[in-house]
$ cat input_11.cif   # mmCIF, N, CA and C atoms
data_input
#
loop_
_atom_site.group_PDB
_atom_site.id
_atom_site.type_symbol
_atom_site.label_atom_id
_atom_site.label_comp_id
_atom_site.auth_asym_id
_atom_site.auth_seq_id
_atom_site.Cartn_x
_atom_site.Cartn_y
_atom_site.Cartn_z
ATOM 1 N N MET T 1 -5.108 -10.465 -35.768
ATOM 2 C CA MET T 1 -4.432 -10.330 -34.483
ATOM 3 C C MET T 1 -5.427 -10.149 -33.343
ATOM 4 N N LYS T 2 -6.524 -9.469 -33.615
ATOM 5 C CA LYS T 2 -7.483 -9.240 -32.531
ATOM 6 C C LYS T 2 -8.007 -10.550 -31.955
ATOM 7 N N LYS T 3 -8.190 -11.567 -32.810
ATOM 8 C CA LYS T 3 -8.655 -12.862 -32.317
ATOM 9 C C LYS T 3 -7.618 -13.494 -31.391
ATOM 10 N N ILE T 4 -6.360 -13.319 -31.743
ATOM 11 C CA ILE T 4 -5.288 -13.854 -30.887
ATOM 12 C C ILE T 4 -5.285 -13.151 -29.549
ATOM 13 N N TYR T 5 -5.443 -11.819 -29.550
ATOM 14 C CA TYR T 5 -5.499 -11.079 -28.290
ATOM 15 C C TYR T 5 -6.675 -11.533 -27.440
ATOM 16 N N LEU T 6 -7.811 -11.782 -28.076
ATOM 17 C CA LEU T 6 -8.987 -12.249 -27.344
ATOM 18 C C LEU T 6 -8.738 -13.635 -26.740
ATOM 19 N N ILE T 7 -8.118 -14.512 -27.502
ATOM 20 C CA ILE T 7 -7.769 -15.840 -26.972
ATOM 21 C C ILE T 7 -6.803 -15.708 -25.806
ATOM 22 N N MET T 8 -5.845 -14.800 -25.931
ATOM 23 C CA MET T 8 -4.888 -14.587 -24.840
ATOM 24 C C MET T 8 -5.574 -14.031 -23.596
ATOM 25 N N CYS T 9 -6.594 -13.195 -23.779
ATOM 26 C CA CYS T 9 -7.374 -12.708 -22.632
ATOM 27 C C CYS T 9 -8.029 -13.871 -21.904
ATOM 28 N N LEU T 10 -8.629 -14.777 -22.665
ATOM 29 C CA LEU T 10 -9.307 -15.928 -22.058
ATOM 30 C C LEU T 10 -8.307 -16.841 -21.347
ATOM 31 N N LEU T 11 -7.176 -17.082 -21.990
ATOM 32 C CA LEU T 11 -6.134 -17.892 -21.348
ATOM 33 C C LEU T 11 -5.551 -17.178 -20.134
ATOM 34 N N GLY T 12 -5.471 -15.847 -20.205
ATOM 35 C CA GLY T 12 -4.959 -15.050 -19.100
ATOM 36 C C GLY T 12 -5.850 -15.098 -17.872
ATOM 37 N N ILE T 13 -7.098 -15.450 -18.063
ATOM 38 C CA ILE T 13 -8.007 -15.670 -16.932
ATOM 39 C C ILE T 13 -7.942 -17.136 -16.499
ATOM 40 N N ALA T 14 -8.039 -18.047 -17.460
ATOM 41 C CA ALA T 14 -8.174 -19.472 -17.164
ATOM 42 C C ALA T 14 -6.937 -20.060 -16.479
ATOM 43 N N PHE T 15 -5.758 -19.818 -17.017
ATOM 44 C CA PHE T 15 -4.563 -20.456 -16.468
ATOM 45 C C PHE T 15 -4.244 -20.010 -15.040
ATOM 46 N N PRO T 16 -4.187 -18.704 -14.761
ATOM 47 C CA PRO T 16 -3.885 -18.313 -13.378
ATOM 48 C C PRO T 16 -4.945 -18.786 -12.379
ATOM 49 N N TYR T 17 -6.217 -18.675 -12.747
ATOM 50 C CA TYR T 17 -7.259 -19.075 -11.806
ATOM 51 C C TYR T 17 -7.321 -20.585 -11.635
ATOM 52 N N TYR T 18 -6.963 -21.350 -12.658
ATOM 53 C CA TYR T 18 -6.878 -22.799 -12.522
ATOM 54 C C TYR T 18 -5.881 -23.159 -11.420
ATOM 55 N N HIS T 19 -4.722 -22.535 -11.465
ATOM 56 C CA HIS T 19 -3.703 -22.826 -10.463
ATOM 57 C C HIS T 19 -4.057 -22.245 -9.096
ATOM 58 N N LEU T 20 -4.742 -21.124 -9.075
ATOM 59 C CA LEU T 20 -5.199 -20.582 -7.799
ATOM 60 C C LEU T 20 -6.205 -21.534 -7.142
ATOM 61 N N ILE T 21 -7.126 -22.059 -7.929
ATOM 62 C CA ILE T 21 -8.112 -23.007 -7.391
ATOM 63 C C ILE T 21 -7.425 -24.280 -6.902
ATOM 64 N N LEU T 22 -6.434 -24.769 -7.650
ATOM 65 C CA LEU T 22 -5.681 -25.940 -7.186
ATOM 66 C C LEU T 22 -4.981 -25.655 -5.863
ATOM 67 N N PHE T 23 -4.368 -24.474 -5.751
ATOM 68 C CA PHE T 23 -3.700 -24.102 -4.508
ATOM 69 C C PHE T 23 -4.703 -24.023 -3.365
ATOM 70 N N LEU T 24 -5.814 -23.338 -3.587
ATOM 71 C CA LEU T 24 -6.811 -23.173 -2.527
ATOM 72 C C LEU T 24 -7.423 -24.506 -2.110
ATOM 73 N N SER T 25 -7.715 -25.364 -3.079
ATOM 74 C CA SER T 25 -8.327 -26.649 -2.737
ATOM 75 C C SER T 25 -7.382 -27.537 -1.938
ATOM 76 N N SER T 26 -6.093 -27.433 -2.189
ATOM 77 C CA SER T 26 -5.129 -28.235 -1.423
ATOM 78 C C SER T 26 -4.731 -27.566 -0.114
ATOM 79 N N ASN T 27 -5.212 -26.350 0.105
ATOM 80 C CA ASN T 27 -4.847 -25.588 1.305
ATOM 81 C C ASN T 27 -6.088 -25.234 2.127
ATOM 82 N N ASP T 28 -7.098 -26.080 2.087
ATOM 83 C CA ASP T 28 -8.350 -25.868 2.830
ATOM 84 C C ASP T 28 -8.995 -24.524 2.514
ATOM 85 N N TRP T 29 -8.907 -24.108 1.265
ATOM 86 C CA TRP T 29 -9.521 -22.870 0.761
ATOM 87 C C TRP T 29 -9.051 -21.639 1.539
ATOM 88 N N SER T 30 -7.790 -21.674 1.927
ATOM 89 C CA SER T 30 -7.183 -20.562 2.653
ATOM 90 C C SER T 30 -6.003 -20.022 1.847
ATOM 91 N N MET T 31 -5.795 -18.716 1.929
ATOM 92 C CA MET T 31 -4.660 -18.086 1.240
ATOM 93 C C MET T 31 -3.384 -18.133 2.079
ATOM 94 N N SER T 32 -3.463 -18.681 3.285
ATOM 95 C CA SER T 32 -2.263 -18.734 4.121
ATOM 96 C C SER T 32 -1.211 -19.594 3.425
ATOM 97 N N GLY T 33 -0.032 -19.116 3.423
ATOM 98 C CA GLY T 33 1.069 -19.809 2.776
ATOM 99 C C GLY T 33 1.283 -19.416 1.320
ATOM 100 N N PHE T 34 0.389 -18.624 0.774
ATOM 101 C CA PHE T 34 0.505 -18.250 -0.642
ATOM 102 C C PHE T 34 1.794 -17.491 -0.897
ATOM 103 N N TRP T 35 2.045 -16.439 -0.125
ATOM 104 C CA TRP T 35 3.229 -15.604 -0.362
ATOM 105 C C TRP T 35 4.507 -16.372 -0.038
ATOM 106 N N THR T 36 4.443 -17.236 0.958
ATOM 107 C CA THR T 36 5.618 -18.034 1.300
ATOM 108 C C THR T 36 5.991 -18.955 0.150
ATOM 109 N N GLU T 37 4.985 -19.621 -0.432
ATOM 110 C CA GLU T 37 5.254 -20.518 -1.558
ATOM 111 C C GLU T 37 5.659 -19.758 -2.816
ATOM 112 N N MET T 38 5.127 -18.550 -2.971
ATOM 113 C CA MET T 38 5.441 -17.774 -4.165
ATOM 114 C C MET T 38 6.934 -17.444 -4.235
ATOM 115 N N PHE T 39 7.554 -17.263 -3.081
ATOM 116 C CA PHE T 39 8.980 -16.932 -3.028
ATOM 117 C C PHE T 39 9.785 -18.058 -2.381
ATOM 118 N N SER T 40 9.304 -19.308 -2.520
ATOM 119 C CA SER T 40 9.930 -20.437 -1.830
ATOM 120 C C SER T 40 11.225 -20.909 -2.482
ATOM 121 N N SER T 41 11.457 -20.560 -3.723
ATOM 122 C CA SER T 41 12.697 -20.978 -4.390
ATOM 123 C C SER T 41 13.146 -19.864 -5.332
ATOM 124 N N HIS T 42 14.366 -19.956 -5.782
ATOM 125 C CA HIS T 42 14.887 -18.932 -6.682
ATOM 126 C C HIS T 42 14.132 -18.887 -8.011
ATOM 127 N N PRO T 43 13.798 -20.038 -8.615
ATOM 128 C CA PRO T 43 13.008 -19.956 -9.856
ATOM 129 C C PRO T 43 11.632 -19.306 -9.637
ATOM 130 N N ASN T 44 10.964 -19.655 -8.546
ATOM 131 C CA ASN T 44 9.674 -19.014 -8.248
ATOM 132 C C ASN T 44 9.847 -17.521 -8.036
ATOM 133 N N SER T 45 10.875 -17.146 -7.297
ATOM 134 C CA SER T 45 11.138 -15.723 -7.049
ATOM 135 C C SER T 45 11.459 -14.987 -8.341
ATOM 136 N N MET T 46 12.210 -15.631 -9.238
ATOM 137 C CA MET T 46 12.565 -15.008 -10.509
ATOM 138 C C MET T 46 11.303 -14.705 -11.319
ATOM 139 N N ILE T 47 10.427 -15.690 -11.438
ATOM 140 C CA ILE T 47 9.196 -15.496 -12.204
ATOM 141 C C ILE T 47 8.311 -14.449 -11.540
ATOM 142 N N SER T 48 8.220 -14.497 -10.217
ATOM 143 C CA SER T 48 7.406 -13.521 -9.487
ATOM 144 C C SER T 48 7.927 -12.106 -9.683
ATOM 145 N N MET T 49 9.233 -11.926 -9.567
ATOM 146 C CA MET T 49 9.823 -10.600 -9.749
ATOM 147 C C MET T 49 9.659 -10.115 -11.188
ATOM 148 N N ASP T 50 9.786 -11.019 -12.144
ATOM 149 C CA ASP T 50 9.590 -10.668 -13.546
ATOM 150 C C ASP T 50 8.175 -10.131 -13.758
ATOM 151 N N LEU T 51 7.190 -10.815 -13.206
ATOM 152 C CA LEU T 51 5.806 -10.360 -13.350
ATOM 153 C C LEU T 51 5.532 -9.061 -12.598
ATOM 154 N N ILE T 52 6.128 -8.916 -11.435
ATOM 155 C CA ILE T 52 5.939 -7.675 -10.665
ATOM 156 C C ILE T 52 6.496 -6.480 -11.436
ATOM 157 N N VAL T 53 7.702 -6.625 -11.975
ATOM 158 C CA VAL T 53 8.310 -5.523 -12.741
ATOM 159 C C VAL T 53 7.510 -5.248 -14.017
ATOM 160 N N SER T 54 7.086 -6.297 -14.713
ATOM 161 C CA SER T 54 6.307 -6.124 -15.943
ATOM 162 C C SER T 54 4.969 -5.447 -15.664
ATOM 163 N N ALA T 55 4.291 -5.875 -14.624
ATOM 164 C CA ALA T 55 3.002 -5.283 -14.276
ATOM 165 C C ALA T 55 3.175 -3.824 -13.838
ATOM 166 N N THR T 56 4.258 -3.543 -13.127
ATOM 167 C CA THR T 56 4.535 -2.164 -12.711
ATOM 168 C C THR T 56 4.827 -1.284 -13.917
ATOM 169 N N ALA T 57 5.597 -1.793 -14.862
ATOM 170 C CA ALA T 57 5.879 -1.030 -16.084
ATOM 171 C C ALA T 57 4.587 -0.769 -16.860
ATOM 172 N N PHE T 58 3.708 -1.762 -16.915
ATOM 173 C CA PHE T 58 2.428 -1.576 -17.600
ATOM 174 C C PHE T 58 1.573 -0.551 -16.869
ATOM 175 N N LEU T 59 1.603 -0.562 -15.557
ATOM 176 C CA LEU T 59 0.867 0.426 -14.762
ATOM 177 C C LEU T 59 1.382 1.837 -15.042
ATOM 178 N N ILE T 60 2.685 2.008 -15.093
ATOM 179 C CA ILE T 60 3.273 3.317 -15.412
ATOM 180 C C ILE T 60 2.884 3.731 -16.827
ATOM 181 N N PHE T 61 2.894 2.786 -17.762
ATOM 182 C CA PHE T 61 2.475 3.055 -19.133
ATOM 183 C C PHE T 61 1.018 3.510 -19.177
ATOM 184 N N LEU T 62 0.150 2.845 -18.421
ATOM 185 C CA LEU T 62 -1.265 3.241 -18.389
ATOM 186 C C LEU T 62 -1.439 4.655 -17.843
ATOM 187 N N ILE T 63 -0.695 4.997 -16.814
ATOM 188 C CA ILE T 63 -0.767 6.347 -16.248
ATOM 189 C C ILE T 63 -0.309 7.366 -17.288
ATOM 190 N N HIS T 64 0.766 7.046 -17.994
ATOM 191 C CA HIS T 64 1.264 7.937 -19.049
ATOM 192 C C HIS T 64 0.216 8.100 -20.154
ATOM 193 N N GLN T 65 -0.389 6.980 -20.592
ATOM 194 C CA GLN T 65 -1.423 7.042 -21.621
ATOM 195 C C GLN T 65 -2.626 7.859 -21.151
ATOM 196 N N PHE T 66 -2.967 7.730 -19.888
ATOM 197 C CA PHE T 66 -4.076 8.497 -19.331
ATOM 198 C C PHE T 66 -3.780 9.993 -19.386
ATOM 199 N N LYS T 67 -2.560 10.369 -19.051
ATOM 200 C CA LYS T 67 -2.198 11.782 -19.044
ATOM 201 C C LYS T 67 -2.011 12.360 -20.445
ATOM 202 N N THR T 68 -1.466 11.577 -21.363
ATOM 203 C CA THR T 68 -1.166 12.126 -22.683
ATOM 204 C C THR T 68 -2.280 11.907 -23.705
ATOM 205 N N LYS T 69 -2.887 10.735 -23.694
ATOM 206 C CA LYS T 69 -3.906 10.423 -24.699
ATOM 207 C C LYS T 69 -5.316 10.375 -24.123
ATOM 208 N N LYS T 70 -5.422 10.636 -22.841
ATOM 209 C CA LYS T 70 -6.719 10.695 -22.161
ATOM 210 C C LYS T 70 -7.530 9.403 -22.286
ATOM 211 N N ILE T 71 -6.838 8.249 -22.278
ATOM 212 C CA ILE T 71 -7.570 6.982 -22.268
ATOM 213 C C ILE T 71 -8.104 6.740 -20.859
ATOM 214 N N ASN T 72 -9.145 5.945 -20.745
ATOM 215 C CA ASN T 72 -9.678 5.579 -19.445
ATOM 216 C C ASN T 72 -9.060 4.242 -19.032
ATOM 217 N N PRO T 73 -8.163 4.257 -18.049
ATOM 218 C CA PRO T 73 -7.453 3.036 -17.685
ATOM 219 C C PRO T 73 -8.194 2.150 -16.687
ATOM 220 N N THR T 74 -9.424 2.488 -16.323
ATOM 221 C CA THR T 74 -10.125 1.805 -15.244
ATOM 222 C C THR T 74 -10.225 0.304 -15.452
ATOM 223 N N LYS T 75 -10.662 -0.136 -16.625
ATOM 224 C CA LYS T 75 -10.840 -1.582 -16.806
ATOM 225 C C LYS T 75 -9.513 -2.325 -16.833
ATOM 226 N N TYR T 76 -8.461 -1.677 -17.297
ATOM 227 C CA TYR T 76 -7.151 -2.329 -17.308
ATOM 228 C C TYR T 76 -6.585 -2.429 -15.887
ATOM 229 N N LEU T 77 -6.789 -1.384 -15.101
ATOM 230 C CA LEU T 77 -6.372 -1.417 -13.696
ATOM 231 C C LEU T 77 -7.156 -2.468 -12.926
ATOM 232 N N PHE T 78 -8.455 -2.552 -13.191
ATOM 233 C CA PHE T 78 -9.293 -3.562 -12.547
ATOM 234 C C PHE T 78 -8.781 -4.967 -12.889
ATOM 235 N N CYS T 79 -8.523 -5.204 -14.166
ATOM 236 C CA CYS T 79 -8.018 -6.511 -14.600
ATOM 237 C C CYS T 79 -6.654 -6.811 -13.994
ATOM 238 N N LEU T 80 -5.814 -5.803 -13.925
ATOM 239 C CA LEU T 80 -4.474 -5.976 -13.359
ATOM 240 C C LEU T 80 -4.556 -6.368 -11.891
ATOM 241 N N CYS T 81 -5.469 -5.762 -11.157
ATOM 242 C CA CYS T 81 -5.585 -6.034 -9.720
ATOM 243 C C CYS T 81 -6.366 -7.309 -9.415
ATOM 244 N N ILE T 82 -7.403 -7.599 -10.181
ATOM 245 C CA ILE T 82 -8.260 -8.739 -9.882
ATOM 246 C C ILE T 82 -7.746 -10.036 -10.505
ATOM 247 N N VAL T 83 -7.280 -9.987 -11.745
ATOM 248 C CA VAL T 83 -6.788 -11.199 -12.412
ATOM 249 C C VAL T 83 -5.272 -11.148 -12.508
ATOM 250 N N GLY T 84 -4.743 -10.122 -13.142
ATOM 251 C CA GLY T 84 -3.297 -9.992 -13.259
ATOM 252 C C GLY T 84 -2.875 -9.464 -14.611
ATOM 253 N N PHE T 85 -1.579 -9.396 -14.780
ATOM 254 C CA PHE T 85 -0.974 -8.891 -16.005
ATOM 255 C C PHE T 85 -1.347 -9.752 -17.201
ATOM 256 N N SER T 86 -1.610 -11.045 -16.941
ATOM 257 C CA SER T 86 -1.941 -11.980 -18.021
ATOM 258 C C SER T 86 -3.268 -11.658 -18.702
ATOM 259 N N LEU T 87 -4.109 -10.883 -18.064
ATOM 260 C CA LEU T 87 -5.342 -10.406 -18.697
ATOM 261 C C LEU T 87 -5.230 -8.945 -19.102
ATOM 262 N N ALA T 88 -4.627 -8.125 -18.260
ATOM 263 C CA ALA T 88 -4.602 -6.676 -18.494
ATOM 264 C C ALA T 88 -3.894 -6.308 -19.796
ATOM 265 N N LEU T 89 -2.738 -6.894 -20.050
ATOM 266 C CA LEU T 89 -2.000 -6.545 -21.274
ATOM 267 C C LEU T 89 -2.712 -7.022 -22.542
ATOM 268 N N PRO T 90 -3.135 -8.299 -22.640
ATOM 269 C CA PRO T 90 -3.848 -8.693 -23.864
ATOM 270 C C PRO T 90 -5.135 -7.891 -24.085
ATOM 271 N N LEU T 91 -5.828 -7.521 -23.008
ATOM 272 C CA LEU T 91 -7.039 -6.720 -23.148
ATOM 273 C C LEU T 91 -6.707 -5.336 -23.695
ATOM 274 N N TYR T 92 -5.644 -4.732 -23.206
ATOM 275 C CA TYR T 92 -5.221 -3.430 -23.719
ATOM 276 C C TYR T 92 -4.870 -3.540 -25.204
ATOM 277 N N LEU T 93 -4.117 -4.576 -25.561
ATOM 278 C CA LEU T 93 -3.737 -4.772 -26.964
ATOM 279 C C LEU T 93 -4.958 -5.021 -27.836
ATOM 280 N N TYR T 94 -5.913 -5.778 -27.324
ATOM 281 C CA TYR T 94 -7.151 -6.043 -28.059
ATOM 282 C C TYR T 94 -7.922 -4.743 -28.309
ATOM 283 N N ASP T 95 -8.069 -3.949 -27.259
ATOM 284 C CA ASP T 95 -8.826 -2.699 -27.365
ATOM 285 C C ASP T 95 -8.163 -1.677 -28.271
ATOM 286 N N ASN T 96 -6.845 -1.693 -28.322
ATOM 287 C CA ASN T 96 -6.116 -0.642 -29.037
ATOM 288 C C ASN T 96 -5.444 -1.119 -30.314
ATOM 289 N N HIS T 97 -5.776 -2.312 -30.762
ATOM 290 C CA HIS T 97 -5.139 -2.879 -31.953
ATOM 291 C C HIS T 97 -5.290 -1.983 -33.190
ATOM 292 N N ASP T 98 -6.488 -1.566 -33.461
ATOM 293 C CA ASP T 98 -6.740 -0.753 -34.665
ATOM 294 C C ASP T 98 -6.201 0.667 -34.540
ATOM 295 N N LYS T 99 -6.155 1.176 -33.322
ATOM 296 C CA LYS T 99 -5.711 2.555 -33.109
ATOM 297 C C LYS T 99 -4.198 2.714 -33.264
ATOM 298 N N ASN T 100 -3.447 1.684 -32.883
ATOM 299 C CA ASN T 100 -1.989 1.796 -32.851
ATOM 300 C C ASN T 100 -1.275 0.992 -33.918
ATOM 301 N N ASN T 101 -2.015 0.302 -34.763
ATOM 302 C CA ASN T 101 -1.424 -0.527 -35.822
ATOM 303 C C ASN T 101 -0.421 -1.526 -35.275
ATOM 304 N N PHE T 102 -0.797 -2.227 -34.202
ATOM 305 C CA PHE T 102 0.083 -3.278 -33.648
ATOM 306 C C PHE T 102 0.173 -4.411 -34.631
#

$ encode --input "input_11.cif" --output "structure tokens"
Amino acid sequence: MKKIYLIMCLLGIAFPYYHLILFLSSNDWSMSGFWTEMFSSHPNSMISMDLIVSATAFLIFLIHQFKTKKINPTKYLFCLCIVGFSLALPLYLYDNHDKNNF
């Protein structure tokens, strides 16, 4: 399973950034219009809201783990903010696979 989590970490970086680069290259390397397009249709809004709620739940989980199990959430928070949930969750699962018997 750890190999799968590692592959998911790599895909969690590659896929979102591939589409970000496509967006930026077609938009004169500017972020203007990003938020407008993100919520431009109901399907886009649905996926965006799903990810926002999932990432928020993971953030609350990390805070809980920090308080109860004294884990250091810094790298997961960094990944969540810089790349996104697509990297933060697989990285957490990769790091904690043996500890939690996932």

$ atom_distance --input "input_11.cif" --atom1 "atom C of T:Lys75" --atom2 "atom N of T:Tyr18"
19.6 Å

$ atom_distance --input "input_11.cif" --atom1 "atom CA of T:Ile52" --atom2 "atom CA of T:Pro90"
16.5 Å

$ atom_distance --input "input_11.cif" --atom1 "atom CA of T:Ser48" --atom2 "atom CA of T:Leu20"
14.5 Å

$ select_by_dssp --input "input_11.cif" --residues "stretch 37-84 of chain T" --states "alpha helix (DSSP H)" --output "MDAnalysis selection string"
chainID T and resid 37:38 42:69 74:82

$ residues_near_point --input "input_11.cif" --point "(-2.6, -4.9, -9.0)" --cutoff "12 Å" --atoms "only C-alpha atoms" --output "PyMOL selection string"
chain T and resi 51-60+74-88

$ axis_aligned_box --input "input_11.cif" --around "stretch 60-78 of chain T" --padding-each-side "8 Å" --output "AutoDock Vina command-line options"
--center_x -3.8 --center_y 3.7 --center_z -18.6 --size_x 30.1 --size_y 33.3 --size_z 28.2

$ resolve_selection --input "input_11.cif" --expression "the PyMOL selection byres (((chain T and resi 34-36 and name CA) around 12) and name CA)" --output "ChimeraX atom specification"
/T:19-24,26-27,29-33,37-41,44-45,48

$ residues_around --input "input_11.cif" --residues "stretch 92-97 of chain T" --least-positions-apart "6" --cutoff "6 Å" --atoms "all atoms listed in the file" --output "list of chain:residue names"
T:Lys2, T:Tyr5, T:Leu6

$ decode --input "input_11.cif" --residues "stretch 8-32 of chain T" --atoms "N, CA and C atoms" --output "PDB file, in the first residue's frame"
ATOM      1  N   MET T   8       0.287   8.016  -5.548  1.00  0.00           N
ATOM      2  CA  MET T   8      -0.788   9.008  -5.436  1.00  0.00           C
ATOM      3  C   MET T   8      -0.241  10.383  -5.066  1.00  0.00           C
ATOM      4  N   CYS T   9       0.812  10.426  -4.252  1.00  0.00           N
ATOM      5  CA  CYS T   9       1.461  11.708  -3.941  1.00  0.00           C
ATOM      6  C   CYS T   9       1.999  12.352  -5.210  1.00  0.00           C
ATOM      7  N   LEU T  10       2.664  11.555  -6.036  1.00  0.00           N
ATOM      8  CA  LEU T  10       3.239  12.084  -7.278  1.00  0.00           C
ATOM      9  C   LEU T  10       2.141  12.553  -8.234  1.00  0.00           C
ATOM     10  N   LEU T  11       1.089  11.759  -8.351  1.00  0.00           N
ATOM     11  CA  LEU T  11      -0.040  12.168  -9.194  1.00  0.00           C
ATOM     12  C   LEU T  11      -0.747  13.389  -8.615  1.00  0.00           C
ATOM     13  N   GLY T  12      -0.787  13.479  -7.283  1.00  0.00           N
ATOM     14  CA  GLY T  12      -1.408  14.612  -6.611  1.00  0.00           C
ATOM     15  C   GLY T  12      -0.671  15.917  -6.845  1.00  0.00           C
ATOM     16  N   ILE T  13       0.583  15.827  -7.217  1.00  0.00           N
ATOM     17  CA  ILE T  13       1.346  17.018  -7.609  1.00  0.00           C
ATOM     18  C   ILE T  13       1.197  17.249  -9.114  1.00  0.00           C
ATOM     19  N   ALA T  14       1.387  16.197  -9.902  1.00  0.00           N
ATOM     20  CA  ALA T  14       1.453  16.323 -11.357  1.00  0.00           C
ATOM     21  C   ALA T  14       0.130  16.781 -11.979  1.00  0.00           C
ATOM     22  N   PHE T  15      -0.971  16.146 -11.627  1.00  0.00           N
ATOM     23  CA  PHE T  15      -2.237  16.469 -12.283  1.00  0.00           C
ATOM     24  C   PHE T  15      -2.713  17.895 -12.006  1.00  0.00           C
ATOM     25  N   PRO T  16      -2.772  18.330 -10.744  1.00  0.00           N
ATOM     26  CA  PRO T  16      -3.227  19.708 -10.516  1.00  0.00           C
ATOM     27  C   PRO T  16      -2.304  20.754 -11.150  1.00  0.00           C
ATOM     28  N   TYR T  17      -0.995  20.552 -11.042  1.00  0.00           N
ATOM     29  CA  TYR T  17      -0.082  21.546 -11.595  1.00  0.00           C
ATOM     30  C   TYR T  17      -0.074  21.530 -13.116  1.00  0.00           C
ATOM     31  N   TYR T  18      -0.326  20.382 -13.734  1.00  0.00           N
ATOM     32  CA  TYR T  18      -0.459  20.321 -15.183  1.00  0.00           C
ATOM     33  C   TYR T  18      -1.588  21.247 -15.640  1.00  0.00           C
ATOM     34  N   HIS T  19      -2.719  21.150 -14.972  1.00  0.00           N
ATOM     35  CA  HIS T  19      -3.856  21.982 -15.347  1.00  0.00           C
ATOM     36  C   HIS T  19      -3.653  23.444 -14.954  1.00  0.00           C
ATOM     37  N   LEU T  20      -2.950  23.686 -13.871  1.00  0.00           N
ATOM     38  CA  LEU T  20      -2.636  25.066 -13.510  1.00  0.00           C
ATOM     39  C   LEU T  20      -1.737  25.706 -14.573  1.00  0.00           C
ATOM     40  N   ILE T  21      -0.740  24.969 -15.030  1.00  0.00           N
ATOM     41  CA  ILE T  21       0.153  25.491 -16.073  1.00  0.00           C
ATOM     42  C   ILE T  21      -0.617  25.732 -17.371  1.00  0.00           C
ATOM     43  N   LEU T  22      -1.522  24.819 -17.725  1.00  0.00           N
ATOM     44  CA  LEU T  22      -2.351  25.040 -18.916  1.00  0.00           C
ATOM     45  C   LEU T  22      -3.197  26.300 -18.772  1.00  0.00           C
ATOM     46  N   PHE T  23      -3.792  26.491 -17.592  1.00  0.00           N
ATOM     47  CA  PHE T  23      -4.594  27.686 -17.352  1.00  0.00           C
ATOM     48  C   PHE T  23      -3.732  28.937 -17.453  1.00  0.00           C
ATOM     49  N   LEU T  24      -2.587  28.933 -16.788  1.00  0.00           N
ATOM     50  CA  LEU T  24      -1.719  30.113 -16.794  1.00  0.00           C
ATOM     51  C   LEU T  24      -1.192  30.423 -18.191  1.00  0.00           C
ATOM     52  N   SER T  25      -0.807  29.393 -18.932  1.00  0.00           N
ATOM     53  CA  SER T  25      -0.268  29.636 -20.271  1.00  0.00           C
ATOM     54  C   SER T  25      -1.321  30.201 -21.216  1.00  0.00           C
ATOM     55  N   SER T  26      -2.569  29.820 -21.033  1.00  0.00           N
ATOM     56  CA  SER T  26      -3.635  30.361 -21.887  1.00  0.00           C
ATOM     57  C   SER T  26      -4.170  31.690 -21.371  1.00  0.00           C
ATOM     58  N   ASN T  27      -3.691  32.116 -20.211  1.00  0.00           N
ATOM     59  CA  ASN T  27      -4.178  33.354 -19.590  1.00  0.00           C
ATOM     60  C   ASN T  27      -3.036  34.351 -19.389  1.00  0.00           C
ATOM     61  N   ASP T  28      -2.047  34.320 -20.260  1.00  0.00           N
ATOM     62  CA  ASP T  28      -0.888  35.223 -20.189  1.00  0.00           C
ATOM     63  C   ASP T  28      -0.179  35.157 -18.842  1.00  0.00           C
ATOM     64  N   TRP T  29      -0.109  33.969 -18.271  1.00  0.00           N
ATOM     65  CA  TRP T  29       0.588  33.702 -17.004  1.00  0.00           C
ATOM     66  C   TRP T  29       0.057  34.571 -15.862  1.00  0.00           C
ATOM     67  N   SER T  30      -1.241  34.805 -15.898  1.00  0.00           N
ATOM     68  CA  SER T  30      -1.905  35.593 -14.863  1.00  0.00           C
ATOM     69  C   SER T  30      -2.968  34.732 -14.182  1.00  0.00           C
ATOM     70  N   MET T  31      -3.154  34.956 -12.890  1.00  0.00           N
ATOM     71  CA  MET T  31      -4.185  34.227 -12.136  1.00  0.00           C
ATOM     72  C   MET T  31      -5.552  34.901 -12.240  1.00  0.00           C
ATOM     73  N   SER T  32      -5.630  36.029 -12.936  1.00  0.00           N
ATOM     74  CA  SER T  32      -6.921  36.707 -13.047  1.00  0.00           C
ATOM     75  C   SER T  32      -7.902  35.791 -13.774  1.00  0.00           C
TER      76      SER T  32
END
